[in-house]
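Asks: One file is attached below, work-v6.pdb, containing PDB, C-alpha atoms, pLDDT in the B column.
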ATOM      1  CA  MET A  28     -17.269  -7.043  -9.216  1.00 59.00           C
ATOM      2  CA  ALA A  29     -15.136  -9.590  -7.419  1.00 69.00           C
ATOM      3  CA  ARG A  30     -11.375  -9.256  -7.558  1.00 71.00           C
ATOM      4  CA  LYS A  31      -9.593 -11.828  -9.734  1.00 82.00           C
ATOM      5  CA  PRO A  32      -7.498 -14.102  -7.464  1.00 79.00           C
ATOM      6  CA  GLN A  33      -3.722 -13.817  -7.907  1.00 79.00           C
ATOM      7  CA  ASP A  34      -0.869 -16.191  -7.039  1.00 76.00           C
ATOM      8  CA  TYR A  35       0.397 -13.744  -4.419  1.00 73.00           C
ATOM      9  CA  ASP A  36      -2.917 -13.329  -2.583  1.00 72.00           C
ATOM     10  CA  ASP A  37      -1.862 -15.917  -0.005  1.00 73.00           C
ATOM     11  CA  ILE A  38       1.029 -13.941   1.504  1.00 67.00           C
ATOM     12  CA  PRO A  39       0.039 -13.769   5.189  1.00 66.00           C
ATOM     13  CA  GLY A  40      -1.051 -10.313   6.324  1.00 70.00           C
ATOM     14  CA  THR A  41      -0.332  -8.706   2.950  1.00 75.00           C
ATOM     15  CA  PHE A  42      -2.517  -7.029   0.335  1.00 77.00           C
ATOM     16  CA  VAL A  43      -0.386  -6.498  -2.752  1.00 76.00           C
ATOM     17  CA  PHE A  44      -1.164  -3.130  -4.337  1.00 75.00           C
ATOM     18  CA  ASP A  45      -1.473  -4.224  -7.956  1.00 79.00           C
ATOM     19  CA  ALA A  46      -3.266  -2.603 -10.899  1.00 75.00           C
ATOM     20  CA  GLU A  47      -6.609  -4.182 -10.034  1.00 86.00           C
ATOM     21  CA  ARG A  48      -6.423  -3.115  -6.414  1.00 84.00           C
ATOM     22  CA  SER A  49      -5.383   0.366  -7.544  1.00 78.00           C
ATOM     23  CA  ARG A  50      -8.527   0.687  -9.679  1.00 88.00           C
ATOM     24  CA  GLN A  51     -10.649  -0.703  -6.854  1.00 88.00           C
ATOM     25  CA  GLY A  52      -9.254   1.797  -4.353  1.00 90.00           C
ATOM     26  CA  TYR A  53      -9.265   4.912  -6.500  1.00 96.00           C
ATOM     27  CA  GLY A  54     -11.888   6.625  -4.306  1.00 96.00           C
ATOM     28  CA  ILE A  55     -10.070   5.795  -1.057  1.00 97.00           C
ATOM     29  CA  ASN A  56      -6.790   7.066  -2.431  1.00 96.00           C
ATOM     30  CA  MET A  57      -8.250  10.285  -3.840  1.00 97.00           C
ATOM     31  CA  PHE A  58      -9.920  10.949  -0.483  1.00 98.00           C
ATOM     32  CA  CYS A  59      -6.628  10.388   1.337  1.00 97.00           C
ATOM     33  CA  MET A  60      -4.729  12.611  -1.092  1.00 97.00           C
ATOM     34  CA  SER A  61      -7.280  15.369  -0.511  1.00 98.00           C
ATOM     35  CA  LEU A  62      -6.085  15.469   3.091  1.00 98.00           C
ATOM     36  CA  MET A  63      -2.842  17.073   1.938  1.00 97.00           C
ATOM     37  CA  LYS A  64      -4.679  20.422   1.982  1.00 98.00           C
ATOM     38  CA  GLU A  65      -5.390  22.001   5.347  1.00 98.00           C
ATOM     39  CA  GLU A  66      -8.883  23.194   4.365  1.00 98.00           C
ATOM     40  CA  ASN A  67      -9.807  19.623   3.399  1.00 98.00           C
ATOM     41  CA  ARG A  68      -8.500  18.209   6.677  1.00 98.00           C
ATOM     42  CA  LYS A  69     -10.605  20.763   8.566  1.00 98.00           C
ATOM     43  CA  ALA A  70     -13.712  19.966   6.517  1.00 98.00           C
ATOM     44  CA  PHE A  71     -13.199  16.237   7.027  1.00 98.00           C
ATOM     45  CA  LYS A  72     -12.695  16.551  10.785  1.00 98.00           C
ATOM     46  CA  ALA A  73     -15.773  18.807  11.066  1.00 98.00           C
ATOM     47  CA  ASP A  74     -18.098  16.199   9.476  1.00 98.00           C
ATOM     48  CA  GLU A  75     -16.374  13.033   8.334  1.00 98.00           C
ATOM     49  CA  ALA A  76     -19.396  11.247   6.852  1.00 98.00           C
ATOM     50  CA  GLN A  77     -20.463  14.318   4.910  1.00 98.00           C
ATOM     51  CA  TYR A  78     -16.964  14.965   3.572  1.00 98.00           C
ATOM     52  CA  LEU A  79     -16.682  11.372   2.297  1.00 98.00           C
ATOM     53  CA  LYS A  80     -19.733  11.916   0.062  1.00 98.00           C
ATOM     54  CA  LYS A  81     -17.456  13.883  -2.285  1.00 97.00           C
ATOM     55  CA  PHE A  82     -15.695  10.657  -3.280  1.00 98.00           C
ATOM     56  CA  GLN A  83     -16.798   7.549  -5.141  1.00 97.00           C
ATOM     57  CA  LEU A  84     -16.604   5.053  -2.307  1.00 98.00           C
ATOM     58  CA  THR A  85     -18.365   1.774  -1.694  1.00 97.00           C
ATOM     59  CA  ASP A  86     -20.194   1.357   1.597  1.00 97.00           C
ATOM     60  CA  GLU A  87     -17.401  -1.002   2.716  1.00 97.00           C
ATOM     61  CA  GLN A  88     -14.735   1.581   1.905  1.00 97.00           C
ATOM     62  CA  ARG A  89     -16.618   4.370   3.672  1.00 98.00           C
ATOM     63  CA  ASP A  90     -17.087   2.174   6.738  1.00 98.00           C
ATOM     64  CA  ALA A  91     -13.395   1.202   6.813  1.00 97.00           C
ATOM     65  CA  ILE A  92     -12.378   4.875   6.670  1.00 98.00           C
ATOM     66  CA  LEU A  93     -14.782   5.935   9.410  1.00 98.00           C
ATOM     67  CA  ARG A  94     -13.659   3.043  11.653  1.00 98.00           C
ATOM     68  CA  ARG A  95      -9.981   3.725  10.803  1.00 97.00           C
ATOM     69  CA  ASP A  96      -9.626   0.069   9.816  1.00 96.00           C
ATOM     70  CA  TYR A  97      -6.372   0.472   7.903  1.00 95.00           C
ATOM     71  CA  ASN A  98      -5.988  -3.201   7.014  1.00 93.00           C
ATOM     72  CA  ARG A  99      -9.475  -3.230   5.509  1.00 94.00           C
ATOM     73  CA  MET A 100      -8.698  -0.028   3.577  1.00 95.00           C
ATOM     74  CA  LEU A 101      -5.668  -1.771   2.051  1.00 93.00           C
ATOM     75  CA  GLU A 102      -7.717  -4.847   1.233  1.00 91.00           C
ATOM     76  CA  LEU A 103     -10.261  -2.586  -0.507  1.00 94.00           C
ATOM     77  CA  GLY A 104      -7.606  -0.905  -2.646  1.00 93.00           C
ATOM     78  CA  GLY A 105      -6.070   1.739  -0.427  1.00 95.00           C
ATOM     79  CA  ASN A 106      -2.396   2.452  -0.889  1.00 93.00           C
ATOM     80  CA  ILE A 107      -0.408   2.386   2.345  1.00 92.00           C
ATOM     81  CA  TYR A 108       1.282   5.710   1.599  1.00 93.00           C
ATOM     82  CA  PHE A 109      -2.014   7.419   0.822  1.00 96.00           C
ATOM     83  CA  THR A 110      -3.865   5.960   3.809  1.00 95.00           C
ATOM     84  CA  ALA A 111      -1.032   7.180   6.042  1.00 96.00           C
ATOM     85  CA  LYS A 112      -2.300  10.699   5.301  1.00 97.00           C
ATOM     86  CA  LEU A 113      -5.503   9.806   7.163  1.00 97.00           C
ATOM     87  CA  GLY A 114      -3.429   8.663  10.126  1.00 96.00           C
ATOM     88  CA  ALA A 115      -1.428  11.894  10.024  1.00 96.00           C
ATOM     89  CA  THR A 116      -4.688  13.866   9.940  1.00 97.00           C
ATOM     90  CA  ASP A 117      -5.598  12.090  13.186  1.00 97.00           C
ATOM     91  CA  GLY A 118      -2.183  12.993  14.641  1.00 97.00           C
ATOM     92  CA  HIS A 119      -0.634   9.519  14.383  1.00 96.00           C
ATOM     93  CA  SER A 120       2.858   8.581  13.237  1.00 94.00           C
ATOM     94  CA  PHE A 121       3.484   5.910  10.627  1.00 92.00           C
ATOM     95  CA  GLN A 122       4.974   3.760  13.392  1.00 93.00           C
ATOM     96  CA  HIS A 123       1.688   4.015  15.281  1.00 94.00           C
ATOM     97  CA  LEU A 124      -0.250   2.933  12.177  1.00 94.00           C
ATOM     98  CA  ALA A 125       2.076   0.007  11.517  1.00 91.00           C
ATOM     99  CA  ALA A 126       1.739  -1.138  15.136  1.00 93.00           C
ATOM    100  CA  VAL A 127      -2.068  -0.949  14.934  1.00 92.00           C
ATOM    101  CA  MET A 128      -2.062  -2.845  11.637  1.00 89.00           C
ATOM    102  CA  THR A 129       0.107  -5.629  13.056  1.00 86.00           C
ATOM    103  CA  GLY A 130      -1.788  -5.874  16.330  1.00 89.00           C
ATOM    104  CA  SER A 131       1.140  -4.807  18.480  1.00 91.00           C
ATOM    105  CA  THR A 132       2.178  -1.857  20.576  1.00 94.00           C
ATOM    106  CA  GLN A 133       4.415   0.833  19.140  1.00 92.00           C
ATOM    107  CA  GLN A 134       7.212  -0.323  21.431  1.00 95.00           C
ATOM    108  CA  ASP A 135       6.888  -3.970  20.358  1.00 93.00           C
ATOM    109  CA  TYR A 136       6.651  -2.983  16.690  1.00 91.00           C
ATOM    110  CA  ALA A 137       9.762  -0.782  16.939  1.00 92.00           C
ATOM    111  CA  ALA A 138      11.679  -3.553  18.744  1.00 94.00           C
ATOM    112  CA  MET A 139      10.685  -6.073  16.059  1.00 90.00           C
ATOM    113  CA  MET A 140      11.840  -3.755  13.259  1.00 90.00           C
ATOM    114  CA  LEU A 141      15.108  -2.929  15.033  1.00 93.00           C
ATOM    115  CA  ALA A 142      15.718  -6.674  15.395  1.00 91.00           C
ATOM    116  CA  GLY A 143      15.386  -7.169  11.638  1.00 90.00           C
ATOM    117  CA  GLY A 144      11.625  -7.269  11.041  1.00 85.00           C
ATOM    118  CA  ARG A 145       9.250 -10.195  10.759  1.00 78.00           C
ATOM    119  CA  PRO A 146      10.882 -13.587  10.256  1.00 77.00           C
ATOM    120  CA  VAL A 147      10.541 -14.995   6.749  1.00 74.00           C
ATOM    121  CA  GLU A 148       9.266 -18.314   8.086  1.00 73.00           C
ATOM    122  CA  GLY A 149       5.468 -18.304   8.027  1.00 66.00           C
ATOM    123  CA  ASN A 150       5.309 -14.980   6.223  1.00 65.00           C
ATOM    124  CA  ARG A 151       5.852 -15.854   2.572  1.00 66.00           C
ATOM    125  CA  SER A 152       3.448 -16.923  -0.136  1.00 67.00           C
ATOM    126  CA  ARG A 153       2.194 -20.399   0.619  1.00 66.00           C
ATOM    127  CA  SER A 154       1.656 -21.318  -3.037  1.00 69.00           C
ATOM    128  CA  GLY A 155       4.952 -19.876  -4.257  1.00 59.00           C
ATOM    129  CA  ARG A 156       7.123 -21.048  -1.393  1.00 61.00           C
ATOM    130  CA  ASP A 157       8.783 -23.869  -3.321  1.00 62.00           C
ATOM    131  CA  LYS A 158       8.599 -22.359  -6.813  1.00 59.00           C
ATOM    132  CA  PRO A 159      11.490 -20.524  -8.433  1.00 56.00           C
ATOM    133  CA  ALA A 160      11.021 -16.793  -8.848  1.00 52.00           C
ATOM    134  CA  LYS A 161       9.423 -15.725 -12.109  1.00 55.00           C
ATOM    135  CA  THR A 162      11.743 -13.687 -14.272  1.00 54.00           C
ATOM    136  CA  LYS A 163      11.008 -11.610 -17.317  1.00 53.00           C
ATOM    137  CA  ALA A 164      12.675 -12.500 -20.581  1.00 54.00           C
ATOM    138  CA  LYS A 165      15.819 -10.490 -21.130  1.00 53.00           C
ATOM    139  CA  SER A 166      15.491  -7.867 -23.819  1.00 49.00           C
ATOM    140  CA  LYS A 167      18.108  -7.676 -26.506  1.00 50.00           C
ATOM    141  CA  ALA A 168      20.339  -4.840 -25.437  1.00 50.00           C
ATOM    142  CA  LYS A 169      21.966  -2.676 -28.052  1.00 52.00           C
ATOM    143  CA  ALA A 170      25.603  -3.530 -28.445  1.00 50.00           C
ATOM    144  CA  LYS A 171      27.888  -0.937 -26.926  1.00 52.00           C
ATOM    145  CA  PRO A 172      31.031   0.000 -28.811  1.00 51.00           C
ATOM    146  CA  LYS A 173      34.142  -1.449 -27.237  1.00 53.00           C
ATOM    147  CA  SER A 174      36.662   0.949 -25.767  1.00 53.00           C
ATOM    148  CA  GLY A 175      39.111   2.039 -28.366  1.00 52.00           C
ATOM    149  CA  SER A 176      36.393   1.768 -30.982  1.00 48.00           C
ATOM    150  CA  THR A 177      36.630   3.843 -34.105  1.00 51.00           C
ATOM    151  CA  ALA A 178      33.017   4.981 -33.734  1.00 51.00           C
ATOM    152  CA  LYS A 179      32.706   8.750 -33.799  1.00 52.00           C
ATOM    153  CA  ARG A 180      31.431  10.418 -30.638  1.00 48.00           C
ATOM    154  CA  LYS A 181      29.527  13.651 -30.617  1.00 45.00           C
TER     155      LYS A 181
END
Represent the structure contained in this file as structure tokens.

Replies:
Amino acid sequence: MARKPQDYDDIPGTFVFDAERSRQGYGINMFCMSLMKEENRKAFKADEAQYLKKFQLTDEQRDAILRRDYNRMLELGGNIYFTAKLGATDGHSFQHLAAVMTGSTQQDYAAMMLAGGRPVEGNRSRSGRDKPAKTKAKSKAKAKPKSGSTAKRK
């Protein structure tokens, strides 16, 4: 089933992890979470393709995992914090993964982040660029008694 397009799908280089993407990536994320246990990491490293058969994955998801295509895993519903467990299983730092995902070296990625990160220009939603931010309606808060109130406190 195709994913329903969202207003925020046009943010360059970003796959927003929303409810739909969470459902789509359940298998990827459960696989990645399984890597928290040493015996599972060993079983995975011994025969990756066989180990992945334990999880409900699409062919695209399985291929992305085996190729370590982190951006594709995110597009297919992987959560960045869960997929980082796969990188850690391979002995990589989060900085390494972020550099790979942005197409830069670890040194260039670190320098960019230390300089304040990616510039906003060219990296925000194209469709929402000139629209005001959506806000939720304010809920009616319960009135708090004023100081010096005669209300009894327990």

Asks: Can you work out which one of A:Leu93, A:Ala111, A:Met57, A:Met100 has the shortest atom-to-atom distance to Asp74 (chain A), counting all atoms listed in the file?

Replies: A:Leu93

Asks: With the file shown as input, list the residues that the PyMOL selection byres ((chain A and resi 52) around 8) selects, as a list in words.

Replies: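 On this input, the PyMOL selection byres ((chain A and resi 52) around 8) captures Arg48, Ser49, Arg50, Gln51, Tyr53, Gly54, Ile55, Asn56, Leu103, Gly104, Gly105 and Asn106 of chain A.
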
Asks: Can you turn the PyMOL selection byres ((chain A and resi 114) around 12) into a concrete residue list for this file, as a PyMOL selection string?

Replies: chain A and resi 59-60+62-63+68+92-97+107-113+115-125+127-128

Asks: Here's the selection I'm unsure about, the PyMOL selection byres ((chain A and resi 43) around 12); applied to the file above, which residues does it give, as a PDB file with C-alpha atoms, in the coordinates of the input?

Replies:
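Once everything was written out, this is result17.pdb:
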ATOM      1  CA  PRO A  32      -7.498 -14.102  -7.464  1.00 79.00           C
ATOM      2  CA  GLN A  33      -3.722 -13.817  -7.907  1.00 79.00           C
ATOM      3  CA  ASP A  34      -0.869 -16.191  -7.039  1.00 76.00           C
ATOM      4  CA  TYR A  35       0.397 -13.744  -4.419  1.00 73.00           C
ATOM      5  CA  ASP A  36      -2.917 -13.329  -2.583  1.00 72.00           C
ATOM      6  CA  ASP A  37      -1.862 -15.917  -0.005  1.00 73.00           C
ATOM      7  CA  ILE A  38       1.029 -13.941   1.504  1.00 67.00           C
ATOM      8  CA  PRO A  39       0.039 -13.769   5.189  1.00 66.00           C
ATOM      9  CA  GLY A  40      -1.051 -10.313   6.324  1.00 70.00           C
ATOM     10  CA  THR A  41      -0.332  -8.706   2.950  1.00 75.00           C
ATOM     11  CA  PHE A  42      -2.517  -7.029   0.335  1.00 77.00           C
ATOM     12  CA  PHE A  44      -1.164  -3.130  -4.337  1.00 75.00           C
ATOM     13  CA  ASP A  45      -1.473  -4.224  -7.956  1.00 79.00           C
ATOM     14  CA  ALA A  46      -3.266  -2.603 -10.899  1.00 75.00           C
ATOM     15  CA  GLU A  47      -6.609  -4.182 -10.034  1.00 86.00           C
ATOM     16  CA  ARG A  48      -6.423  -3.115  -6.414  1.00 84.00           C
ATOM     17  CA  SER A  49      -5.383   0.366  -7.544  1.00 78.00           C
ATOM     18  CA  ASN A  98      -5.988  -3.201   7.014  1.00 93.00           C
ATOM     19  CA  LEU A 101      -5.668  -1.771   2.051  1.00 93.00           C
ATOM     20  CA  GLU A 102      -7.717  -4.847   1.233  1.00 91.00           C
ATOM     21  CA  LEU A 103     -10.261  -2.586  -0.507  1.00 94.00           C
ATOM     22  CA  GLY A 104      -7.606  -0.905  -2.646  1.00 93.00           C
ATOM     23  CA  GLY A 105      -6.070   1.739  -0.427  1.00 95.00           C
ATOM     24  CA  ASN A 106      -2.396   2.452  -0.889  1.00 93.00           C
ATOM     25  CA  ILE A 107      -0.408   2.386   2.345  1.00 92.00           C
ATOM     26  CA  SER A 152       3.448 -16.923  -0.136  1.00 67.00           C
TER      27      SER A 152
END

Asks: Please report the interatomic distance between CA of Glu75 (chain A) and CA of Gly130 (chain A) in Å with one decimal.

Replies: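 These atoms are spaced 25.2 Å apart.
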
Asks: I'd like the interatomic distance between CA of Met139 (chain A) and CA of Ala126 (chain A), to a tenth of an Å.

Replies: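 Distance reported for this atom pair: 10.3 Å.
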
Asks: Could you tell me how far CA of Phe58 (chain A) sits from CA of Tyr78 (chain A), in Å to one decimal place?

Replies: 9.1 Å
